[in-house]
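Okay, upload.txt now, which holds compact mmCIF, C-alpha atoms:
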# COMPACT_ATOMS: atom_id res chain seq x y z
CA MET A 1 126.46 184.91 77.20
CA VAL A 2 130.04 184.55 76.01
CA ARG A 3 132.42 185.76 78.70
CA LYS A 4 135.41 186.93 76.72
CA VAL A 5 138.48 188.44 78.31
CA GLN A 6 141.43 190.31 76.88
CA CYS A 7 144.85 189.78 78.42
CA LEU A 8 146.73 193.08 78.75
CA LEU A 9 150.04 191.74 79.99
CA CYS A 10 151.91 191.74 76.70
CA PRO A 11 151.44 193.55 73.37
CA LYS A 12 149.75 190.50 71.83
CA LYS A 13 146.65 191.39 73.86
CA CYS A 14 145.07 187.97 73.32
CA ILE A 15 141.28 187.89 73.27
CA LEU A 16 140.10 184.65 74.86
CA GLY A 17 136.72 182.98 74.78
CA GLU A 18 135.69 180.84 77.71
CA GLY A 19 138.10 177.91 78.15
CA GLN A 20 140.64 179.38 75.72
CA ARG A 21 144.31 179.89 76.41
CA SER A 22 146.60 182.75 75.57
CA ASP A 23 149.28 182.54 72.89
CA CYS A 24 151.88 182.00 75.66
CA ARG A 25 149.95 178.84 76.72
CA VAL A 26 149.79 179.69 80.41
CA ARG A 27 146.83 182.05 80.84
CA LEU A 28 143.32 180.67 80.71
CA ASN A 29 139.84 182.19 80.56
CA LEU A 30 137.91 180.31 83.20
CA GLY A 31 134.34 181.50 83.52
CA GLY A 32 135.24 185.06 82.56
CA ASP A 33 138.24 185.23 84.93
CA LEU A 34 141.77 185.11 83.59
CA LYS A 35 143.80 182.52 85.49
CA THR A 36 147.50 181.88 85.49
CA LEU A 37 148.34 178.20 85.22
CA ILE A 38 151.92 178.51 86.39
CA TYR A 39 151.95 180.32 89.71
CA GLY A 40 154.71 178.55 91.65
CA LYS A 41 155.04 175.81 89.02
CA VAL A 42 158.74 175.83 88.35
CA CYS A 43 160.06 173.63 85.57
CA ALA A 44 163.70 174.71 85.89
CA ALA A 45 165.63 175.81 88.98
CA ASN A 46 169.40 176.15 89.17
CA VAL A 47 172.12 178.06 90.95
CA ASP A 48 174.00 179.86 88.16
CA PRO A 49 176.86 182.33 88.03
CA ILE A 50 175.44 185.80 87.35
CA GLU A 51 177.78 185.92 84.33
CA LYS A 52 175.65 183.20 82.69
CA LYS A 53 172.61 185.50 82.36
CA PRO A 54 174.73 187.29 80.99
CA LEU A 55 175.21 190.20 83.38
CA TYR A 56 178.83 191.36 83.40
CA HIS A 57 178.45 194.61 85.32
CA PHE A 58 176.23 193.34 88.11
CA GLN A 59 177.68 191.84 91.28
CA PRO A 60 180.40 189.82 89.49
CA SER A 61 181.30 186.35 90.78
CA THR A 62 178.03 185.99 92.69
CA TRP A 63 175.37 183.29 92.34
CA ALA A 64 171.87 183.79 91.03
CA PHE A 65 169.10 181.39 92.03
CA SER A 66 167.52 180.94 88.60
CA ILE A 67 163.95 179.85 87.95
CA ALA A 68 161.56 179.39 85.04
CA THR A 69 158.13 178.08 84.27
CA ALA A 70 156.81 176.64 81.01
CA GLY A 71 155.56 178.96 78.26
CA CYS A 72 156.63 182.04 76.31
CA ASN A 73 154.93 184.90 74.49
CA LEU A 74 157.48 184.74 71.65
CA HIS A 75 158.07 181.81 69.32
CA CYS A 76 161.65 182.31 68.18
CA LYS A 77 162.75 179.82 65.58
CA PHE A 78 166.19 179.61 67.21
CA CYS A 79 165.02 179.14 70.80
CA GLN A 80 167.58 177.34 72.94
CA ASN A 81 165.04 176.46 75.60
CA TRP A 82 162.17 175.50 73.31
CA ALA A 83 161.51 172.29 75.26
CA ILE A 84 160.12 174.39 78.11
CA SER A 85 159.29 177.70 76.43
CA GLN A 86 157.13 176.23 73.66
CA GLN A 87 155.25 173.88 75.93
CA GLU A 88 152.05 173.77 77.98
CA PRO A 89 152.73 173.67 81.72
CA GLU A 90 150.97 170.31 81.99
CA LYS A 91 153.64 168.78 79.79
CA THR A 92 156.69 169.84 81.78
CA ARG A 93 157.84 168.35 85.07
CA ASN A 94 157.16 171.03 87.64
CA LEU A 95 158.14 171.65 91.22
CA ASP A 96 155.84 173.52 93.58
CA LEU A 97 158.06 176.44 94.58
CA TYR A 98 156.01 179.28 96.01
CA PRO A 99 157.66 182.67 96.55
CA ALA A 100 158.69 182.11 100.18
CA LYS A 101 160.33 178.82 99.27
CA VAL A 102 162.24 180.39 96.36
CA VAL A 103 163.61 183.16 98.56
CA ASN A 104 164.56 180.69 101.30
CA LEU A 105 166.35 178.44 98.83
CA ALA A 106 168.22 181.41 97.36
CA MET A 107 169.38 182.46 100.81
CA GLU A 108 170.29 178.93 101.87
CA ARG A 109 172.42 178.58 98.74
CA ASN A 110 174.18 181.88 99.30
CA CYS A 111 172.76 183.53 96.19
CA ALA A 112 172.96 187.32 95.97
CA SER A 113 170.08 187.43 93.53
CA ILE A 114 167.13 185.57 92.08
CA ALA A 115 167.06 185.40 88.28
CA TYR A 116 163.78 185.01 86.43
CA THR A 117 165.06 183.43 83.27
CA TYR A 118 165.36 180.51 80.79
CA SER A 119 161.87 180.77 79.27
CA GLU A 120 160.15 184.21 79.38
CA PRO A 121 159.42 185.63 82.83
CA VAL A 122 156.87 188.10 81.45
CA ILE A 123 154.38 185.25 81.25
CA PHE A 124 154.75 184.34 84.93
CA PHE A 125 154.34 187.98 85.94
CA GLU A 126 152.17 187.41 89.05
CA TYR A 127 154.51 184.77 90.43
CA MET A 128 157.61 186.80 89.58
CA ILE A 129 156.44 190.03 91.18
CA ASP A 130 155.35 188.31 94.42
CA THR A 131 158.73 186.61 94.61
CA CYS A 132 160.54 189.88 93.83
CA ARG A 133 158.79 191.68 96.69
CA LEU A 134 159.61 188.96 99.18
CA ALA A 135 163.21 188.80 97.97
CA HIS A 136 163.67 192.53 98.52
CA GLN A 137 162.31 192.24 102.04
CA LYS A 138 165.05 189.68 102.73
CA GLY A 139 167.82 191.67 101.03
CA VAL A 140 168.05 189.47 97.92
CA ARG A 141 168.24 191.22 94.55
CA ASN A 142 166.09 190.51 91.49
CA VAL A 143 167.32 189.96 87.97
CA TRP A 144 165.12 189.74 84.89
CA VAL A 145 166.34 187.91 81.78
CA THR A 146 163.82 188.72 79.13
CA ALA A 147 162.85 189.46 75.56
CA GLY A 148 161.21 192.59 76.94
CA PHE A 149 157.89 192.00 75.15
CA ILE A 150 155.55 193.42 77.77
CA ASN A 151 153.05 196.26 78.05
CA GLN A 152 154.00 199.51 79.73
CA GLU A 153 151.69 199.33 82.75
CA PRO A 154 152.83 195.96 84.10
CA LEU A 155 156.41 196.90 83.22
CA ARG A 156 156.19 200.06 85.32
CA GLU A 157 155.05 198.00 88.29
CA LEU A 158 157.75 195.39 87.73
CA CYS A 159 160.57 197.94 87.44
CA ARG A 160 159.98 198.97 91.05
CA GLU A 161 161.05 195.47 92.12
CA LEU A 162 163.92 194.85 89.72
CA ASP A 163 167.61 195.54 90.25
CA GLY A 164 169.08 194.24 87.01
CA ALA A 165 167.91 193.05 83.62
CA ASN A 166 169.36 191.48 80.56
CA ILE A 167 167.04 192.35 77.71
CA ASP A 168 167.33 190.67 74.32
CA LEU A 169 167.48 193.09 71.44
CA LYS A 170 167.19 190.35 68.88
CA SER A 171 167.41 192.61 65.86
CA ILE A 172 166.85 196.22 64.91
CA ASN A 173 164.54 195.10 62.08
CA GLU A 174 160.79 194.89 62.46
CA TRP A 175 160.52 192.05 59.90
CA TYR A 176 162.89 189.92 61.97
CA TYR A 177 160.75 190.22 65.08
CA ARG A 178 157.63 189.47 63.05
CA GLU A 179 158.90 186.53 61.02
CA VAL A 180 161.56 184.91 63.19
CA CYS A 181 160.15 185.62 66.67
CA ASN A 182 156.41 186.13 66.16
CA ALA A 183 156.58 189.46 67.99
CA GLU A 184 157.18 193.18 67.39
CA LEU A 185 160.22 195.39 67.75
CA LYS A 186 158.72 198.64 69.08
CA PRO A 187 157.52 197.36 72.49
CA VAL A 188 160.96 195.86 73.10
CA LEU A 189 162.66 199.20 72.41
CA GLU A 190 160.19 200.88 74.77
CA THR A 191 160.99 198.32 77.47
CA ILE A 192 164.71 199.06 77.23
CA VAL A 193 164.16 202.80 77.56
CA MET A 194 161.65 202.46 80.39
CA ALA A 195 163.70 199.98 82.43
CA ARG A 196 166.68 202.34 82.31
CA LYS A 197 164.55 205.37 83.16
CA ASN A 198 163.25 203.52 86.20
CA GLY A 199 166.71 202.82 87.56
CA VAL A 200 167.07 199.16 86.57
CA TRP A 201 170.63 198.16 85.62
CA VAL A 202 170.25 197.06 81.99
CA GLU A 203 172.49 194.98 79.75
CA LEU A 204 171.50 193.97 76.22
CA THR A 205 172.01 190.77 74.25
CA ASN A 206 171.96 190.39 70.49
CA LEU A 207 172.06 186.81 69.24
CA VAL A 208 173.86 186.98 65.90
CA VAL A 209 172.14 184.56 63.52
CA PRO A 210 173.93 183.91 60.21
CA THR A 211 172.10 185.41 57.19
CA LEU A 212 169.25 186.79 59.30
CA ASN A 213 170.66 189.68 61.37
CA ASP A 214 174.40 189.75 60.72
CA THR A 215 175.10 192.49 58.18
CA GLU A 216 177.35 195.48 58.90
CA ASP A 217 174.30 197.67 58.52
CA ASP A 218 172.40 195.61 61.12
CA PHE A 219 175.22 196.05 63.65
CA LYS A 220 175.59 199.76 62.88
CA ARG A 221 171.89 200.58 63.23
CA LEU A 222 171.53 198.47 66.36
CA SER A 223 174.52 200.17 68.01
CA ARG A 224 173.34 203.64 66.97
CA TRP A 225 169.90 203.04 68.44
CA ILE A 226 171.46 201.93 71.72
CA LYS A 227 173.79 204.92 71.83
CA GLU A 228 170.99 207.39 71.15
CA ASN A 229 168.31 205.86 73.36
CA ALA A 230 170.05 203.97 76.15
CA GLY A 231 173.48 205.58 76.24
CA THR A 232 177.03 204.46 75.55
CA GLU A 233 177.52 202.80 78.92
CA VAL A 234 174.93 200.06 78.47
CA PRO A 235 176.82 196.78 78.05
CA LEU A 236 176.00 194.97 74.83
CA HIS A 237 176.59 191.23 74.40
CA PHE A 238 176.89 189.79 70.90
CA SER A 239 176.09 186.15 71.40
CA ARG A 240 176.99 183.20 69.21
CA PHE A 241 174.11 181.33 67.57
CA TRP A 242 174.13 177.55 67.63
CA PRO A 243 171.79 175.57 65.30
CA MET A 244 168.71 174.85 67.33
CA TYR A 245 164.99 174.11 67.17
CA LYS A 246 163.64 175.29 63.79
CA LEU A 247 166.90 176.80 62.52
CA GLN A 248 169.06 173.72 62.36
CA ASN A 249 169.76 174.42 58.70
CA LEU A 250 171.96 177.40 59.56
CA PRO A 251 175.62 177.16 60.61
CA PRO A 252 176.92 178.47 63.95
CA THR A 253 177.99 182.12 63.92
CA ARG A 254 181.60 182.52 62.85
CA VAL A 255 183.80 184.04 65.54
CA GLU A 256 185.13 186.56 62.99
CA LYS A 257 181.57 187.79 62.50
CA LEU A 258 181.18 188.35 66.23
CA ASN A 259 184.51 190.18 66.35
CA GLN A 260 183.33 192.37 63.48
CA ALA A 261 180.06 193.15 65.28
CA ARG A 262 182.00 194.12 68.40
CA GLU A 263 184.34 196.39 66.46
CA ILE A 264 181.46 198.13 64.73
CA ALA A 265 179.58 198.70 67.99
CA MET A 266 182.69 200.13 69.65
CA ALA A 267 183.39 202.34 66.64
CA GLU A 268 179.84 203.67 67.04
CA GLY A 269 180.78 204.71 70.57
CA LEU A 270 179.52 201.92 72.84
CA LYS A 271 181.95 201.47 75.71
CA TYR A 272 181.29 197.93 76.87
CA VAL A 273 180.77 195.43 74.09
CA TYR A 274 181.16 191.71 74.68
CA ILE A 275 181.25 188.45 72.79
CA GLY A 276 179.24 185.62 74.33
CA ASN A 277 179.14 181.84 73.90
CA VAL A 278 182.79 181.77 72.80
CA PRO A 279 184.80 180.68 75.87
CA GLY A 280 188.22 182.28 76.15
CA ASN A 281 187.55 185.02 73.59
CA PRO A 282 189.23 188.28 74.71
CA GLY A 283 185.95 189.98 73.80
CA SER A 284 184.50 188.67 77.04
CA ASN A 285 186.83 190.83 79.18
CA THR A 286 185.90 194.28 80.43
CA TYR A 287 188.35 196.90 79.16
CA CYS A 288 188.67 200.35 80.67
CA PRO A 289 187.16 202.76 78.11
CA GLU A 290 189.89 205.29 78.98
CA CYS A 291 193.23 203.43 79.24
CA ARG A 292 192.06 200.22 77.42
CA LYS A 293 193.56 197.90 80.07
CA VAL A 294 191.73 194.79 81.25
CA VAL A 295 189.70 195.64 84.31
CA ILE A 296 187.73 192.39 84.59
CA LYS A 297 189.12 189.22 83.08
CA ARG A 298 186.72 186.39 82.24
CA VAL A 299 187.39 182.83 81.13
CA GLY A 300 184.15 180.90 80.86
CA TYR A 301 182.31 181.80 84.05
CA GLN A 302 185.55 182.43 85.98
CA THR A 303 185.85 186.12 86.74
CA ASP A 304 188.83 188.08 88.04
CA ALA A 305 187.80 191.60 89.01
CA SER A 306 190.97 192.44 90.94
CA ASN A 307 191.70 195.41 88.66
CA LEU A 308 188.42 197.02 89.62
CA GLU A 309 188.71 199.13 92.76
CA LYS A 310 185.45 200.47 94.19
CA GLY A 311 183.96 200.60 90.73
CA ASN A 312 186.98 202.34 89.18
CA CYS A 313 189.78 201.18 86.89
CA ARG A 314 192.80 200.38 89.08
CA PHE A 315 195.19 201.77 86.46
CA CYS A 316 193.70 205.17 85.61
CA GLY A 317 190.83 205.67 88.04
CA GLN A 318 188.16 205.81 85.31
CA PRO A 319 184.72 204.90 86.72
CA ILE A 320 183.29 201.70 85.23
CA ARG A 321 179.50 201.78 85.32
CA GLY A 322 177.73 198.88 87.03
CA ILE A 323 176.32 197.48 90.27
CA TRP A 324 179.49 196.23 91.89
CA GLY A 325 178.61 195.87 95.56
CA MET B 326 143.74 130.32 112.19
CA LYS B 327 141.47 131.79 114.78
CA LYS B 328 138.65 133.80 113.28
CA MET B 329 138.58 137.45 114.40
CA SER B 330 135.43 138.32 116.29
CA ARG B 331 133.12 140.95 114.90
CA ARG B 332 133.34 142.84 118.18
CA LYS B 333 137.16 143.03 118.07
CA LEU B 334 137.02 144.19 114.48
CA LEU B 335 134.69 147.06 115.29
CA ARG B 336 136.44 148.02 118.51
CA TYR B 337 140.04 148.14 117.32
CA TYR B 338 140.39 148.07 113.59
CA LEU B 339 137.57 150.30 112.48
CA PRO B 340 138.70 153.33 114.57
CA LEU B 341 142.26 152.69 113.44
CA GLY B 342 141.14 152.73 109.82
CA ILE B 343 139.18 155.95 110.27
CA LEU B 344 142.10 157.65 112.02
CA SER B 345 144.52 156.65 109.23
CA PHE B 346 142.13 157.97 106.61
CA LEU B 347 141.78 161.29 108.45
CA ALA B 348 145.56 161.57 108.89
CA VAL B 349 146.13 161.14 105.16
CA LEU B 350 143.41 163.68 104.38
CA PHE B 351 144.81 166.21 106.85
CA ARG B 352 148.32 165.78 105.48
CA GLN B 353 147.17 166.43 101.93
CA GLU B 354 145.29 169.56 102.97
CA SER B 355 148.12 171.04 105.02
CA GLY B 356 150.58 170.34 102.20
CA LYS B 357 148.64 172.66 99.92
CA GLU B 358 150.42 175.98 100.38
CA GLU B 359 148.57 177.76 97.61
CA PRO B 360 145.48 177.22 95.51
CA GLU B 361 146.05 175.50 92.19
CA LEU B 362 144.95 178.35 89.95
CA ARG B 363 145.71 181.96 90.73
CA LYS B 364 143.76 184.82 89.29
CA ALA B 365 145.87 186.62 86.71
CA ARG B 366 146.31 190.39 86.63
CA TYR B 367 146.26 192.84 83.74
CA TYR B 368 143.19 191.80 81.77
CA LYS B 369 139.76 193.13 81.04
CA ASN B 370 136.36 191.56 80.48
CA LEU B 371 134.83 192.12 77.09
CA ALA B 372 131.14 192.55 76.45
CA GLY B 373 129.23 190.14 74.21
Show how you would write the structure in this file as structure tokens.
Amino acid sequence: MVRKVQCLLCPKKCILGEGQRSDCRVRLNLGGDLKTLIYGKVCAANVDPIEKKPLYHFQPSTWAFSIATAGCNLHCKFCQNWAISQQEPEKTRNLDLYPAKVVNLAMERNCASIAYTYSEPVIFFEYMIDTCRLAHQKGVRNVWVTAGFINQEPLRELCRELDGANIDLKSINEWYYREVCNAELKPVLETIVMARKNGVWVELTNLVVPTLNDTEDDFKRLSRWIKENAGTEVPLHFSRFWPMYKLQNLPPTRVEKLNQAREIAMAEGLKYVYIGNVPGNPGSNTYCPECRKVVIKRVGYQTDASNLEKGNCRFCGQPIRGIWG
Amino acid sequence: MKKMSRRKLLRYYLPLGILSFLAVLFRQESGKEEPELRKARYYKNLAG
């Protein structure tokens, strides 16, 4: 008898015969049981500024203990971390870091949060959620940096343990998700809505890739969707593309293009729109949506939030949405 | 060089060898915090 299983973690819903692995490379049908090959097998661990995630409205100037395992359920042609994300866990150098150890290390290193990041944390769901629970017991927050390609049921469970998330909204076009990322748009949109509904602090990132998702219409429709479904106070980061992995034929995104994207999004009504991967660009500061003065100044990962007083603009008192404490 | 007697070998070195072997084994076992493969969640078995 063939003991097939169907993974229900992400919308790919891989059907696996005995001995077969999922599309993300880290889930295996072993005798009719689905096993995760990466529980506690960390291939990247760093102490990063929270601004690197990027999360600009979430405990600024704090550290995030950041971990990843091998594997990913997307296959983006521009992936910056393809060496770990598009790899079997046997082929990366891994540390054994079980949840208790991760939380201890985060606390020892004075980190306010643990970030599940770099590759795609959806695929190490079991490991992530155990670590999240332990972190909360010790007063450490949890941050999810993700493409958001996950099914609703596991997402609902995960949201209970998350404090913040940066979700990639890679494009507002279905064809882009299908052809460039080997995924689908709709589940990602549902993740954004659900995470917000469940009280997770959400910021969005759009990597602007020349010729693929950088028209005025792309920026307009993306911004409109955010405004109508997630609200005007969700921070949006337009990030600069750098030739990488299978898209080395394309040039880096021009800074003028990023400025244009930011202007369009703000004209559509979004209040906090940022430019990422361009150090020193004024588009990385937080401006008060009321008086337009700089409330949080950023240069690289250096952050000066002295014009933010108890979550309000120091100049006009306008509340600035975020998790500040 | 003086040849080691069979009696001395059995009395001192054999127990020492066994103890070292057990110590290594015990250390390996206690170092294992978690099993190698964890059961995943969110899947279903299919008939056929």
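The space between atom CA of Val200 of chain A and atom CA of Leu169 of chain A spans 16.3 Å.
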Q. Could you pull the residues within 7 Å of segment 185-194 of chain A, counting all atoms listed in the file, minus those fewer than 5 positions along the same chain, as an MDAnalysis selection string?
A. chainID A and resid 148:150 174 177 229:230
Q: Would you mind telling me which residue in A:Leu247, A:Leu155, A:Val143, A:Val255 lies nearest to chain B when using all atoms listed in the file?
A: A:Leu155
Q: Pull out every residue of chain B that has at least one atom within 6 Å of chain A, counting only C-alpha atoms, and report them as an MDAnalysis selection string.
A: chainID B and resid 362:365 367:371 373
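Surrounding residues of (181.1, 199.0, 91.4) at most 10 Å away are A:His57, A:Phe58, A:Gln59, A:Pro60, A:Leu308, A:Glu309, A:Lys310, A:Gly311, A:Asn312, A:Pro319, A:Ile320, A:Arg321, A:Gly322, A:Ile323, A:Trp324, A:Gly325 (based on all atoms listed in the file).
The space between atom CA of Pro289 of chain A and atom CA of Lys227 of chain A spans 14.9 Å.
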(Q) List as a list in words the protein and nucleic acid residues near Thr286 of chain A, meaning an atom at most 10 Å away when only C-alpha atoms are counted, but skip any in the same chain fewer than 3 places from it. (A) Tyr56, His57, Pro235, Lys271, Tyr272, Val273, Tyr274, Pro282, Gly283, Pro289, Arg292, Lys293, Val294, Val295, Ile296, Lys297, Arg298, Ala305, Leu308 and Ile320 of chain A
Q: Considering all atoms listed in the file, return as an MDAnalysis selection string whatever protein or nucleic-acid residues lie within 12 Å of Thr131 of chain A, sequence-local ones (same chain, fewer than 6 positions apart) excluded.
A: chainID A and resid 39:40 65 67 97:106 113:116 121 124:125 137:138 140:143 158 161:162
Could the residues in this selection be saved with C-alpha atoms as a CSV table (one decimal), keeping the file's coordinate frame?
chain,number,residue,atom,x,y,z
A,39,TYR,CA,152.0,180.3,89.7
A,40,GLY,CA,154.7,178.6,91.6
A,65,PHE,CA,169.1,181.4,92.0
A,67,ILE,CA,164.0,179.8,88.0
A,97,LEU,CA,158.1,176.4,94.6
A,98,TYR,CA,156.0,179.3,96.0
A,99,PRO,CA,157.7,182.7,96.6
A,100,ALA,CA,158.7,182.1,100.2
A,101,LYS,CA,160.3,178.8,99.3
A,102,VAL,CA,162.2,180.4,96.4
A,103,VAL,CA,163.6,183.2,98.6
A,104,ASN,CA,164.6,180.7,101.3
A,105,LEU,CA,166.4,178.4,98.8
A,106,ALA,CA,168.2,181.4,97.4
A,113,SER,CA,170.1,187.4,93.5
A,114,ILE,CA,167.1,185.6,92.1
A,115,ALA,CA,167.1,185.4,88.3
A,116,TYR,CA,163.8,185.0,86.4
A,121,PRO,CA,159.4,185.6,82.8
A,124,PHE,CA,154.8,184.3,84.9
A,125,PHE,CA,154.3,188.0,85.9
A,137,GLN,CA,162.3,192.2,102.0
A,138,LYS,CA,165.0,189.7,102.7
A,140,VAL,CA,168.0,189.5,97.9
A,141,ARG,CA,168.2,191.2,94.6
A,142,ASN,CA,166.1,190.5,91.5
A,143,VAL,CA,167.3,190.0,88.0
A,158,LEU,CA,157.8,195.4,87.7
A,161,GLU,CA,161.0,195.5,92.1
A,162,LEU,CA,163.9,194.8,89.7
